[in-house]
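One file, upload-v6.pdb, carrying PDB, C-alpha atoms, pLDDT in the B column:
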```pdb
ATOM      1  CA  MET A 115      26.789   4.522   0.757  1.00 69.00           C
ATOM      2  CA  ASN A 116      28.635   1.602   2.293  1.00 74.00           C
ATOM      3  CA  ILE A 117      30.954   0.629  -0.560  1.00 80.00           C
ATOM      4  CA  LYS A 118      32.773  -1.985   1.545  1.00 87.00           C
ATOM      5  CA  ILE A 119      29.720  -4.218   1.798  1.00 89.00           C
ATOM      6  CA  LEU A 120      29.254  -3.974  -1.973  1.00 88.00           C
ATOM      7  CA  GLN A 121      32.900  -4.824  -2.567  1.00 89.00           C
ATOM      8  CA  LEU A 122      32.501  -7.830  -0.296  1.00 92.00           C
ATOM      9  CA  ALA A 123      29.239  -8.872  -1.913  1.00 93.00           C
ATOM     10  CA  ILE A 124      30.675  -9.061  -5.440  1.00 94.00           C
ATOM     11  CA  PRO A 125      33.331 -11.759  -4.770  1.00 95.00           C
ATOM     12  CA  PHE A 126      30.830 -13.547  -2.520  1.00 95.00           C
ATOM     13  CA  PHE A 127      28.327 -13.776  -5.383  1.00 95.00           C
ATOM     14  CA  ARG A 128      31.093 -14.944  -7.720  1.00 95.00           C
ATOM     15  CA  VAL A 129      32.052 -17.741  -5.319  1.00 96.00           C
ATOM     16  CA  ILE A 130      28.392 -18.814  -5.098  1.00 96.00           C
ATOM     17  CA  GLN A 131      28.215 -18.756  -8.902  1.00 95.00           C
ATOM     18  CA  VAL A 132      31.271 -21.010  -9.226  1.00 97.00           C
ATOM     19  CA  VAL A 133      29.985 -23.406  -6.546  1.00 96.00           C
ATOM     20  CA  MET A 134      26.595 -23.556  -8.269  1.00 95.00           C
ATOM     21  CA  LEU A 135      28.202 -24.151 -11.671  1.00 96.00           C
ATOM     22  CA  VAL A 136      30.329 -26.981 -10.272  1.00 97.00           C
ATOM     23  CA  PHE A 137      27.301 -28.492  -8.513  1.00 94.00           C
ATOM     24  CA  MET A 138      25.194 -28.146 -11.673  1.00 96.00           C
ATOM     25  CA  ALA A 139      27.871 -29.790 -13.822  1.00 96.00           C
ATOM     26  CA  GLY A 140      28.134 -32.649 -11.296  1.00 94.00           C
ATOM     27  CA  PHE A 141      24.357 -33.005 -11.092  1.00 93.00           C
ATOM     28  CA  ILE A 142      23.926 -33.129 -14.869  1.00 96.00           C
ATOM     29  CA  GLY A 143      26.918 -35.456 -15.253  1.00 95.00           C
ATOM     30  CA  VAL A 144      25.677 -37.927 -12.628  1.00 92.00           C
ATOM     31  CA  LEU A 145      22.129 -38.003 -14.001  1.00 93.00           C
ATOM     32  CA  VAL A 146      23.150 -38.271 -17.666  1.00 94.00           C
ATOM     33  CA  TYR A 147      25.553 -41.092 -16.762  1.00 94.00           C
ATOM     34  CA  SER A 148      22.861 -42.852 -14.717  1.00 92.00           C
ATOM     35  CA  ILE A 149      20.444 -42.597 -17.667  1.00 92.00           C
ATOM     36  CA  MET A 150      23.036 -44.165 -19.974  1.00 92.00           C
ATOM     37  CA  ASP A 151      24.116 -46.806 -17.457  1.00 90.00           C
ATOM     38  CA  THR A 152      20.979 -47.686 -15.493  1.00 85.00           C
ATOM     39  CA  GLU A 153      22.866 -49.804 -12.949  1.00 84.00           C
ATOM     40  CA  ALA A 154      25.286 -47.041 -12.013  1.00 84.00           C
ATOM     41  CA  PHE A 155      25.128 -45.134  -8.710  1.00 84.00           C
ATOM     42  CA  SER A 156      23.363 -47.901  -6.818  1.00 82.00           C
ATOM     43  CA  ASN A 157      24.851 -46.471  -3.610  1.00 83.00           C
ATOM     44  CA  VAL A 158      23.413 -42.951  -4.118  1.00 84.00           C
ATOM     45  CA  HIS A 159      20.250 -42.566  -2.072  1.00 82.00           C
ATOM     46  CA  LEU A 160      17.813 -39.807  -2.948  1.00 82.00           C
ATOM     47  CA  GLN A 161      16.107 -37.990  -0.112  1.00 80.00           C
ATOM     48  CA  ASN A 162      13.404 -35.334  -0.443  1.00 79.00           C
ATOM     49  CA  THR A 163      14.077 -35.330  -4.176  1.00 81.00           C
ATOM     50  CA  PHE A 164      10.441 -35.369  -5.176  1.00 82.00           C
ATOM     51  CA  ARG A 165       9.233 -32.730  -2.737  1.00 85.00           C
ATOM     52  CA  ALA A 166       7.606 -29.558  -4.065  1.00 83.00           C
ATOM     53  CA  ARG A 167      10.175 -26.965  -3.052  1.00 84.00           C
ATOM     54  CA  PHE A 168      13.133 -24.990  -4.362  1.00 87.00           C
ATOM     55  CA  SER A 169      15.577 -27.861  -4.064  1.00 85.00           C
ATOM     56  CA  VAL A 170      16.812 -30.877  -5.972  1.00 83.00           C
ATOM     57  CA  GLY A 171      16.851 -32.891  -2.763  1.00 81.00           C
ATOM     58  CA  ASP A 172      19.711 -34.652  -1.020  1.00 80.00           C
ATOM     59  CA  PHE A 173      21.989 -37.135  -2.712  1.00 80.00           C
ATOM     60  CA  LYS A 174      23.321 -39.345   0.040  1.00 79.00           C
ATOM     61  CA  ILE A 175      26.180 -41.716  -0.771  1.00 81.00           C
ATOM     62  CA  CYS A 176      25.540 -44.667   1.480  1.00 77.00           C
ATOM     63  CA  PRO A 177      26.690 -48.108   0.277  1.00 71.00           C
ATOM     64  CA  ASP A 178      24.895 -50.360   2.723  1.00 70.00           C
ATOM     65  CA  CYS A 179      22.205 -48.300   4.377  1.00 70.00           C
ATOM     66  CA  GLU A 180      18.517 -48.884   3.764  1.00 67.00           C
ATOM     67  CA  SER A 181      16.603 -45.661   4.309  1.00 65.00           C
ATOM     68  CA  PRO A 182      12.864 -46.251   4.433  1.00 64.00           C
ATOM     69  CA  GLY A 183      10.991 -44.457   1.665  1.00 64.00           C
ATOM     70  CA  SER A 184      14.105 -43.471  -0.227  1.00 72.00           C
ATOM     71  CA  TYR A 185      15.268 -44.773  -3.563  1.00 79.00           C
ATOM     72  CA  THR A 186      18.707 -45.215  -5.014  1.00 84.00           C
ATOM     73  CA  LEU A 187      19.472 -43.503  -8.307  1.00 84.00           C
ATOM     74  CA  SER A 188      19.757 -46.865 -10.066  1.00 85.00           C
ATOM     75  CA  GLN A 189      16.240 -47.852  -8.947  1.00 85.00           C
ATOM     76  CA  LEU A 190      14.596 -44.893 -10.668  1.00 87.00           C
ATOM     77  CA  SER A 191      13.012 -45.226 -14.090  1.00 90.00           C
ATOM     78  CA  THR A 192      14.551 -43.324 -17.004  1.00 91.00           C
ATOM     79  CA  TYR A 193      11.525 -41.009 -17.137  1.00 91.00           C
ATOM     80  CA  MET A 194      11.924 -40.070 -13.489  1.00 91.00           C
ATOM     81  CA  LYS A 195      15.618 -39.459 -13.985  1.00 92.00           C
ATOM     82  CA  LEU A 196      14.796 -37.254 -16.975  1.00 94.00           C
ATOM     83  CA  TRP A 197      12.236 -35.333 -14.903  1.00 94.00           C
ATOM     84  CA  LEU A 198      14.809 -34.948 -12.127  1.00 93.00           C
ATOM     85  CA  LEU A 199      17.367 -33.729 -14.668  1.00 95.00           C
ATOM     86  CA  VAL A 200      15.038 -31.238 -16.370  1.00 96.00           C
ATOM     87  CA  ARG A 201      13.602 -29.836 -13.122  1.00 95.00           C
ATOM     88  CA  GLY A 202      16.943 -29.607 -11.340  1.00 94.00           C
ATOM     89  CA  THR A 203      18.768 -28.089 -14.310  1.00 96.00           C
ATOM     90  CA  ALA A 204      15.993 -25.548 -14.910  1.00 96.00           C
ATOM     91  CA  LEU A 205      15.952 -24.508 -11.227  1.00 96.00           C
ATOM     92  CA  MET A 206      19.741 -24.163 -11.082  1.00 96.00           C
ATOM     93  CA  LEU A 207      19.869 -22.323 -14.402  1.00 97.00           C
ATOM     94  CA  LEU A 208      17.200 -19.856 -13.241  1.00 97.00           C
ATOM     95  CA  ALA A 209      19.079 -19.349  -9.977  1.00 96.00           C
ATOM     96  CA  LEU A 210      22.351 -18.813 -11.873  1.00 97.00           C
ATOM     97  CA  ILE A 211      20.801 -16.252 -14.240  1.00 97.00           C
ATOM     98  CA  SER A 212      19.229 -14.483 -11.227  1.00 97.00           C
ATOM     99  CA  LEU A 213      22.614 -14.392  -9.529  1.00 97.00           C
ATOM    100  CA  GLN A 214      24.195 -12.934 -12.677  1.00 97.00           C
ATOM    101  CA  VAL A 215      21.558 -10.160 -12.731  1.00 97.00           C
ATOM    102  CA  ILE A 216      22.077  -9.485  -8.997  1.00 97.00           C
ATOM    103  CA  LEU A 217      25.834  -9.278  -9.623  1.00 96.00           C
ATOM    104  CA  ARG A 218      25.298  -6.786 -12.469  1.00 96.00           C
ATOM    105  CA  ILE A 219      23.032  -4.599 -10.306  1.00 96.00           C
ATOM    106  CA  THR A 220      25.491  -4.720  -7.376  1.00 95.00           C
ATOM    107  CA  LYS A 221      28.352  -3.637  -9.657  1.00 94.00           C
ATOM    108  CA  SER A 222      26.236  -0.810 -11.030  1.00 95.00           C
ATOM    109  CA  ILE A 223      25.398   0.427  -7.499  1.00 93.00           C
ATOM    110  CA  ARG A 224      29.077   0.176  -6.522  1.00 92.00           C
ATOM    111  CA  ASP A 225      29.932   2.367  -9.537  1.00 91.00           C
ATOM    112  CA  LYS A 226      27.367   4.922  -8.311  1.00 89.00           C
ATOM    113  CA  ALA A 227      25.105   4.287 -11.288  1.00 91.00           C
ATOM    114  CA  THR A 228      22.222   3.343  -9.023  1.00 92.00           C
ATOM    115  CA  PHE A 229      18.964   4.673 -10.425  1.00 94.00           C
ATOM    116  CA  TYR A 230      19.548   3.699 -14.012  1.00 94.00           C
ATOM    117  CA  ASN A 231      17.230   2.040 -16.513  1.00 95.00           C
ATOM    118  CA  ARG A 232      19.374  -1.093 -16.693  1.00 96.00           C
ATOM    119  CA  ASN A 233      18.918  -1.680 -12.942  1.00 97.00           C
ATOM    120  CA  ILE A 234      15.149  -1.238 -13.206  1.00 97.00           C
ATOM    121  CA  LYS A 235      15.154  -3.743 -16.078  1.00 97.00           C
ATOM    122  CA  GLY A 236      17.347  -6.006 -13.933  1.00 97.00           C
ATOM    123  CA  PHE A 237      14.831  -6.045 -11.067  1.00 98.00           C
ATOM    124  CA  LEU A 238      11.980  -6.675 -13.503  1.00 98.00           C
ATOM    125  CA  GLN A 239      14.006  -9.545 -14.957  1.00 98.00           C
ATOM    126  CA  LEU A 240      14.550 -10.904 -11.421  1.00 98.00           C
ATOM    127  CA  PHE A 241      10.787 -10.633 -10.867  1.00 98.00           C
ATOM    128  CA  ARG A 242      10.084 -12.720 -13.986  1.00 97.00           C
ATOM    129  CA  LEU A 243      12.779 -15.244 -13.086  1.00 97.00           C
ATOM    130  CA  GLY A 244      11.320 -15.414  -9.566  1.00 97.00           C
ATOM    131  CA  ILE A 245       7.881 -16.238 -10.958  1.00 97.00           C
ATOM    132  CA  ALA A 246       9.415 -19.038 -13.030  1.00 97.00           C
ATOM    133  CA  ILE A 247      11.291 -20.350  -9.954  1.00 96.00           C
ATOM    134  CA  ALA A 248       8.118 -20.165  -7.834  1.00 96.00           C
ATOM    135  CA  ALA A 249       6.078 -21.963 -10.518  1.00 96.00           C
ATOM    136  CA  LEU A 250       8.663 -24.704 -10.940  1.00 95.00           C
ATOM    137  CA  SER A 251       9.176 -25.243  -7.224  1.00 93.00           C
ATOM    138  CA  SER A 252       5.447 -25.302  -6.440  1.00 94.00           C
ATOM    139  CA  PHE A 253       4.913 -28.870  -7.630  1.00 92.00           C
ATOM    140  CA  ASN A 254       6.703 -32.162  -8.017  1.00 92.00           C
ATOM    141  CA  PHE A 255       5.705 -35.715  -8.746  1.00 90.00           C
ATOM    142  CA  PHE A 256       6.957 -39.237  -8.482  1.00 88.00           C
ATOM    143  CA  ILE A 257       5.839 -42.227 -10.521  1.00 87.00           C
ATOM    144  CA  GLN A 258       7.693 -45.471  -9.992  1.00 82.00           C
ATOM    145  CA  GLY A 259       5.937 -48.705 -10.806  1.00 79.00           C
ATOM    146  CA  ALA A 260       2.733 -48.891  -8.786  1.00 81.00           C
ATOM    147  CA  GLU A 261       3.812 -46.075  -6.504  1.00 83.00           C
ATOM    148  CA  SER A 262       2.921 -42.542  -7.493  1.00 86.00           C
ATOM    149  CA  ASN A 263       2.770 -39.240  -5.709  1.00 87.00           C
ATOM    150  CA  PHE A 264       1.978 -35.669  -6.702  1.00 91.00           C
ATOM    151  CA  GLU A 265       2.909 -32.838  -4.391  1.00 91.00           C
ATOM    152  CA  PHE A 266       1.830 -29.233  -4.595  1.00 93.00           C
ATOM    153  CA  SER A 267       2.732 -26.433  -2.216  1.00 93.00           C
ATOM    154  CA  ILE A 268       2.707 -22.664  -2.241  1.00 94.00           C
ATOM    155  CA  PRO A 269       6.339 -21.530  -2.393  1.00 93.00           C
ATOM    156  CA  PHE A 270       6.084 -18.625   0.057  1.00 94.00           C
ATOM    157  CA  GLY A 271       9.846 -17.996   0.085  1.00 93.00           C
ATOM    158  CA  ALA A 272      10.108 -17.724  -3.699  1.00 94.00           C
ATOM    159  CA  LEU A 273       6.947 -15.593  -3.855  1.00 95.00           C
ATOM    160  CA  ALA A 274       8.267 -13.214  -1.171  1.00 96.00           C
ATOM    161  CA  TYR A 275      11.555 -12.918  -3.101  1.00 96.00           C
ATOM    162  CA  THR A 276       9.616 -12.250  -6.338  1.00 96.00           C
ATOM    163  CA  LEU A 277       7.475  -9.605  -4.669  1.00 97.00           C
ATOM    164  CA  GLY A 278      10.607  -8.025  -3.170  1.00 97.00           C
ATOM    165  CA  CYS A 279      12.176  -7.760  -6.630  1.00 97.00           C
ATOM    166  CA  ARG A 280       9.034  -6.097  -8.011  1.00 97.00           C
ATOM    167  CA  LEU A 281       8.990  -3.640  -5.096  1.00 97.00           C
ATOM    168  CA  LEU A 282      12.666  -2.851  -5.657  1.00 97.00           C
ATOM    169  CA  ALA A 283      11.907  -2.197  -9.347  1.00 97.00           C
ATOM    170  CA  GLU A 284       9.221   0.309  -8.269  1.00 97.00           C
ATOM    171  CA  ILE A 285      11.609   1.930  -5.776  1.00 97.00           C
ATOM    172  CA  PHE A 286      14.258   2.265  -8.486  1.00 97.00           C
ATOM    173  CA  ILE A 287      11.687   3.765 -10.916  1.00 96.00           C
ATOM    174  CA  GLU A 288      10.842   6.373  -8.252  1.00 96.00           C
ATOM    175  CA  GLY A 289      14.536   6.919  -7.549  1.00 95.00           C
ATOM    176  CA  LYS A 290      15.239   7.442 -11.246  1.00 94.00           C
ATOM    177  CA  MET A 291      12.496  10.080 -11.434  1.00 91.00           C
ATOM    178  CA  LEU A 292      13.862  11.855  -8.350  1.00 91.00           C
ATOM    179  CA  ALA A 293      17.414  11.720  -9.732  1.00 90.00           C
ATOM    180  CA  GLU A 294      16.224  13.176 -13.042  1.00 87.00           C
ATOM    181  CA  ASP A 295      14.372  15.929 -11.179  1.00 84.00           C
ATOM    182  CA  SER A 296      17.430  16.675  -9.090  1.00 85.00           C
ATOM    183  CA  ASN A 297      19.685  16.758 -12.151  1.00 82.00           C
ATOM    184  CA  SER A 298      17.390  19.117 -14.023  1.00 83.00           C
ATOM    185  CA  ILE A 299      17.442  21.697 -11.228  1.00 88.00           C
ATOM    186  CA  VAL A 300      20.160  24.233 -11.961  1.00 86.00           C
TER     187      VAL A 300
ATOM    188  CA  MET B 106       0.265  30.142 -17.120  1.00 89.00           C
ATOM    189  CA  LYS B 107       3.866  29.074 -16.988  1.00 89.00           C
ATOM    190  CA  ILE B 108       7.124  30.347 -15.633  1.00 90.00           C
ATOM    191  CA  ILE B 109       9.628  31.482 -18.228  1.00 91.00           C
ATOM    192  CA  VAL B 110      13.284  32.405 -17.814  1.00 92.00           C
ATOM    193  CA  THR B 111      14.281  35.697 -19.376  1.00 92.00           C
ATOM    194  CA  LEU B 112      17.973  35.309 -18.759  1.00 92.00           C
ATOM    195  CA  ASP B 113      18.789  36.029 -22.420  1.00 92.00           C
ATOM    196  CA  VAL B 114      17.095  39.435 -22.133  1.00 93.00           C
ATOM    197  CA  MET B 115      19.084  40.331 -19.023  1.00 92.00           C
ATOM    198  CA  LEU B 116      22.305  39.115 -20.612  1.00 93.00           C
ATOM    199  CA  ALA B 117      21.634  41.288 -23.648  1.00 94.00           C
ATOM    200  CA  LYS B 118      20.948  44.293 -21.380  1.00 93.00           C
ATOM    201  CA  ARG B 119      24.238  43.755 -19.559  1.00 92.00           C
ATOM    202  CA  LYS B 120      25.999  42.928 -22.839  1.00 93.00           C
ATOM    203  CA  MET B 121      27.309  39.758 -21.332  1.00 93.00           C
ATOM    204  CA  LYS B 122      27.887  36.366 -22.957  1.00 93.00           C
ATOM    205  CA  LEU B 123      26.803  33.098 -21.393  1.00 92.00           C
ATOM    206  CA  ASN B 124      30.447  31.992 -21.121  1.00 93.00           C
ATOM    207  CA  GLU B 125      31.321  35.070 -19.099  1.00 93.00           C
ATOM    208  CA  LEU B 126      28.335  34.602 -16.789  1.00 94.00           C
ATOM    209  CA  SER B 127      29.296  30.954 -16.380  1.00 93.00           C
ATOM    210  CA  GLN B 128      32.819  31.915 -15.269  1.00 93.00           C
ATOM    211  CA  LYS B 129      31.584  34.601 -12.874  1.00 93.00           C
ATOM    212  CA  VAL B 130      28.790  32.515 -11.331  1.00 91.00           C
ATOM    213  CA  GLY B 131      30.666  29.221 -11.282  1.00 91.00           C
ATOM    214  CA  ILE B 132      27.949  27.241 -13.033  1.00 90.00           C
ATOM    215  CA  SER B 133      28.603  25.236 -16.189  1.00 91.00           C
ATOM    216  CA  VAL B 134      27.586  26.701 -19.547  1.00 92.00           C
ATOM    217  CA  THR B 135      25.504  23.570 -20.125  1.00 90.00           C
ATOM    218  CA  ASN B 136      23.412  24.215 -17.019  1.00 90.00           C
ATOM    219  CA  LEU B 137      23.054  27.909 -17.775  1.00 92.00           C
ATOM    220  CA  SER B 138      22.048  27.024 -21.314  1.00 92.00           C
ATOM    221  CA  LEU B 139      19.390  24.650 -19.945  1.00 90.00           C
ATOM    222  CA  LEU B 140      18.130  27.501 -17.779  1.00 90.00           C
ATOM    223  CA  LYS B 141      18.155  29.999 -20.655  1.00 90.00           C
ATOM    224  CA  THR B 142      16.266  27.720 -23.022  1.00 89.00           C
ATOM    225  CA  GLY B 143      13.668  26.860 -20.382  1.00 86.00           C
ATOM    226  CA  LYS B 144      14.630  23.188 -20.269  1.00 86.00           C
ATOM    227  CA  ALA B 145      15.555  23.238 -16.566  1.00 88.00           C
ATOM    228  CA  ARG B 146      12.787  22.101 -14.204  1.00 86.00           C
ATOM    229  CA  GLY B 147      13.883  24.377 -11.395  1.00 90.00           C
ATOM    230  CA  ILE B 148      16.453  26.766 -10.090  1.00 91.00           C
ATOM    231  CA  ARG B 149      18.122  26.765  -6.680  1.00 92.00           C
ATOM    232  CA  PHE B 150      17.964  29.930  -4.553  1.00 93.00           C
ATOM    233  CA  SER B 151      21.766  29.909  -4.417  1.00 92.00           C
ATOM    234  CA  THR B 152      22.001  29.843  -8.239  1.00 92.00           C
ATOM    235  CA  LEU B 153      19.410  32.599  -8.523  1.00 93.00           C
ATOM    236  CA  LEU B 154      21.281  34.722  -5.981  1.00 94.00           C
ATOM    237  CA  SER B 155      24.619  34.256  -7.760  1.00 94.00           C
ATOM    238  CA  ILE B 156      23.158  35.179 -11.154  1.00 95.00           C
ATOM    239  CA  CYS B 157      21.382  38.219  -9.702  1.00 95.00           C
ATOM    240  CA  GLU B 158      24.596  39.362  -7.980  1.00 94.00           C
ATOM    241  CA  VAL B 159      26.595  39.147 -11.215  1.00 94.00           C
ATOM    242  CA  LEU B 160      23.907  40.698 -13.418  1.00 94.00           C
ATOM    243  CA  ASP B 161      22.964  43.229 -10.730  1.00 93.00           C
ATOM    244  CA  CYS B 162      19.274  42.493 -10.973  1.00 94.00           C
ATOM    245  CA  GLU B 163      16.291  41.139  -9.039  1.00 94.00           C
ATOM    246  CA  PRO B 164      14.972  37.554  -9.389  1.00 94.00           C
ATOM    247  CA  GLY B 165      11.930  38.989 -11.159  1.00 94.00           C
ATOM    248  CA  ASP B 166      14.202  40.332 -13.869  1.00 93.00           C
ATOM    249  CA  ILE B 167      15.187  36.852 -14.992  1.00 93.00           C
ATOM    250  CA  ILE B 168      12.041  34.913 -14.100  1.00 93.00           C
ATOM    251  CA  ALA B 169       8.594  35.853 -15.284  1.00 92.00           C
ATOM    252  CA  ILE B 170       5.119  34.398 -15.603  1.00 92.00           C
ATOM    253  CA  GLU B 171       3.783  33.948 -19.096  1.00 88.00           C
ATOM    254  CA  LYS B 172      -0.001  33.941 -19.429  1.00 86.00           C
ATOM    255  CA  GLU B 173      -1.278  31.525 -22.043  1.00 75.00           C
TER     256      GLU B 173
END
```
Can you give me the file's structure in the form of structure tokens?
Amino acid sequence: MNIKILQLAIPFFRVIQVVMLVFMAGFIGVLVYSIMDTEAFSNVHLQNTFRARFSVGDFKICPDCESPGSYTLSQLSTYMKLWLLVRGTALMLLALISLQVILRITKSIRDKATFYNRNIKGFLQLFRLGIAIAALSSFNFFIQGAESNFEFSIPFGALAYTLGCRLLAEIFIEGKMLAEDSNSIV
Amino acid sequence: MKIIVTLDVMLAKRKMKLNELSQKVGISVTNLSLLKTGKARGIRFSTLLSICEVLDCEPGDIIAIEKE
């Protein structure tokens, strides 16, 4: 087994976790502040924010620019900001929990405890989290005054990831059986 | 029909304890105990050969088929 790649993967996942946590804290902070002070962040333009995909969109700080079809954070209604907050936080939280599970499995494999029940449960947990991510990123909507839009798409990336996790769970179940067989041969 | 391990019979014939066999064969007492109690799912040819060498017997002396 290539231990080096596992040893590299663990700090890499930790860095991603920290970056995601910082981004999530910033995201929540900005949106909560903009809900409290509706005129705040008039220079933050939202792009692709209401698309149905695994993303919270782009937040472009642009004081004077006028992008067609994009809104500034201060122009959004409180309900839309709340939707943005709930959807974005849920997606990031699900991604963070998934990353935590991946980190736990990677550590377990590094410690040569590969085909263990906790890893099988981990992959099944990733499968369930993946379904939630796919469901949440399959739709999005936008209602602002007279303008409204509902978008639905099939999140192939998230579904492929989910299916991969389920397959890995099956592989680990088979591996556990083989390991048990091997251990019970004297 | 099932395969049973009659290692305890052979050990009694040779007046040997499991600990002694374990030391001579180089297999842990735990594994030999699993084998003796029929809890092991299989036995390697190398293990079988080592046990037979120490107990001076044939594989058929420690493995038998039990008809149900």
message: As an exercise, work out the distance from CA of Glu163 in chain B to CA of Val130 in chain B in Å and give it to one decimal place.
response: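 That distance, rounded to one decimal, is 15.4 Å.
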message: Set the cut-off to 10 Å and count all atoms listed in the file: what are the residues of chain B that reach chain A? Output as a PyMOL selection string.
response: chain B and resi 132-133+135-140+144-153
task: Just say which residues the PyMOL selection byres ((chain A and resi 184) around 12) picks in this file, as a ChimeraX atom specification.
output: /A:157-164,171-174,176,179-183,185-190,256,258
message: For this structure, which residues satisfy the selection - the PyMOL selection byres ((chain A and resi 169) around 8) - when it is evaluated on the file as given? I want them as a ChimeraX atom specification.
response: /A:163,167-168,170-171,202,205,251
Residues within 7 Å of Phe253 in chain A, all atoms listed in the file, excluding chain neighbours under 4 positions, as a VMD selection string: chain A and resid 166 265 to 267
task: Apply the PyMOL selection byres ((chain B and resi 165) around 12) to the displayed file and report the matching residues as a PyMOL selection string.
output: chain B and resi 108-112+115+153-154+156-157+161-164+166-170
message: If I take CA of Met206 in chain A and CA of Arg218 in chain A, how far is one from the other in Å, to one decimal?
response: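 Result for CA of Met206 in chain A versus CA of Arg218 in chain A: 18.3 Å, one decimal.
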task: Have a look at CA of Asn263 in chain A and CA of Met194 in chain A and let me know their distance in Å, one decimal.
output: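 According to the coordinates, CA of Asn263 in chain A and CA of Met194 in chain A are separated by 12.0 Å.
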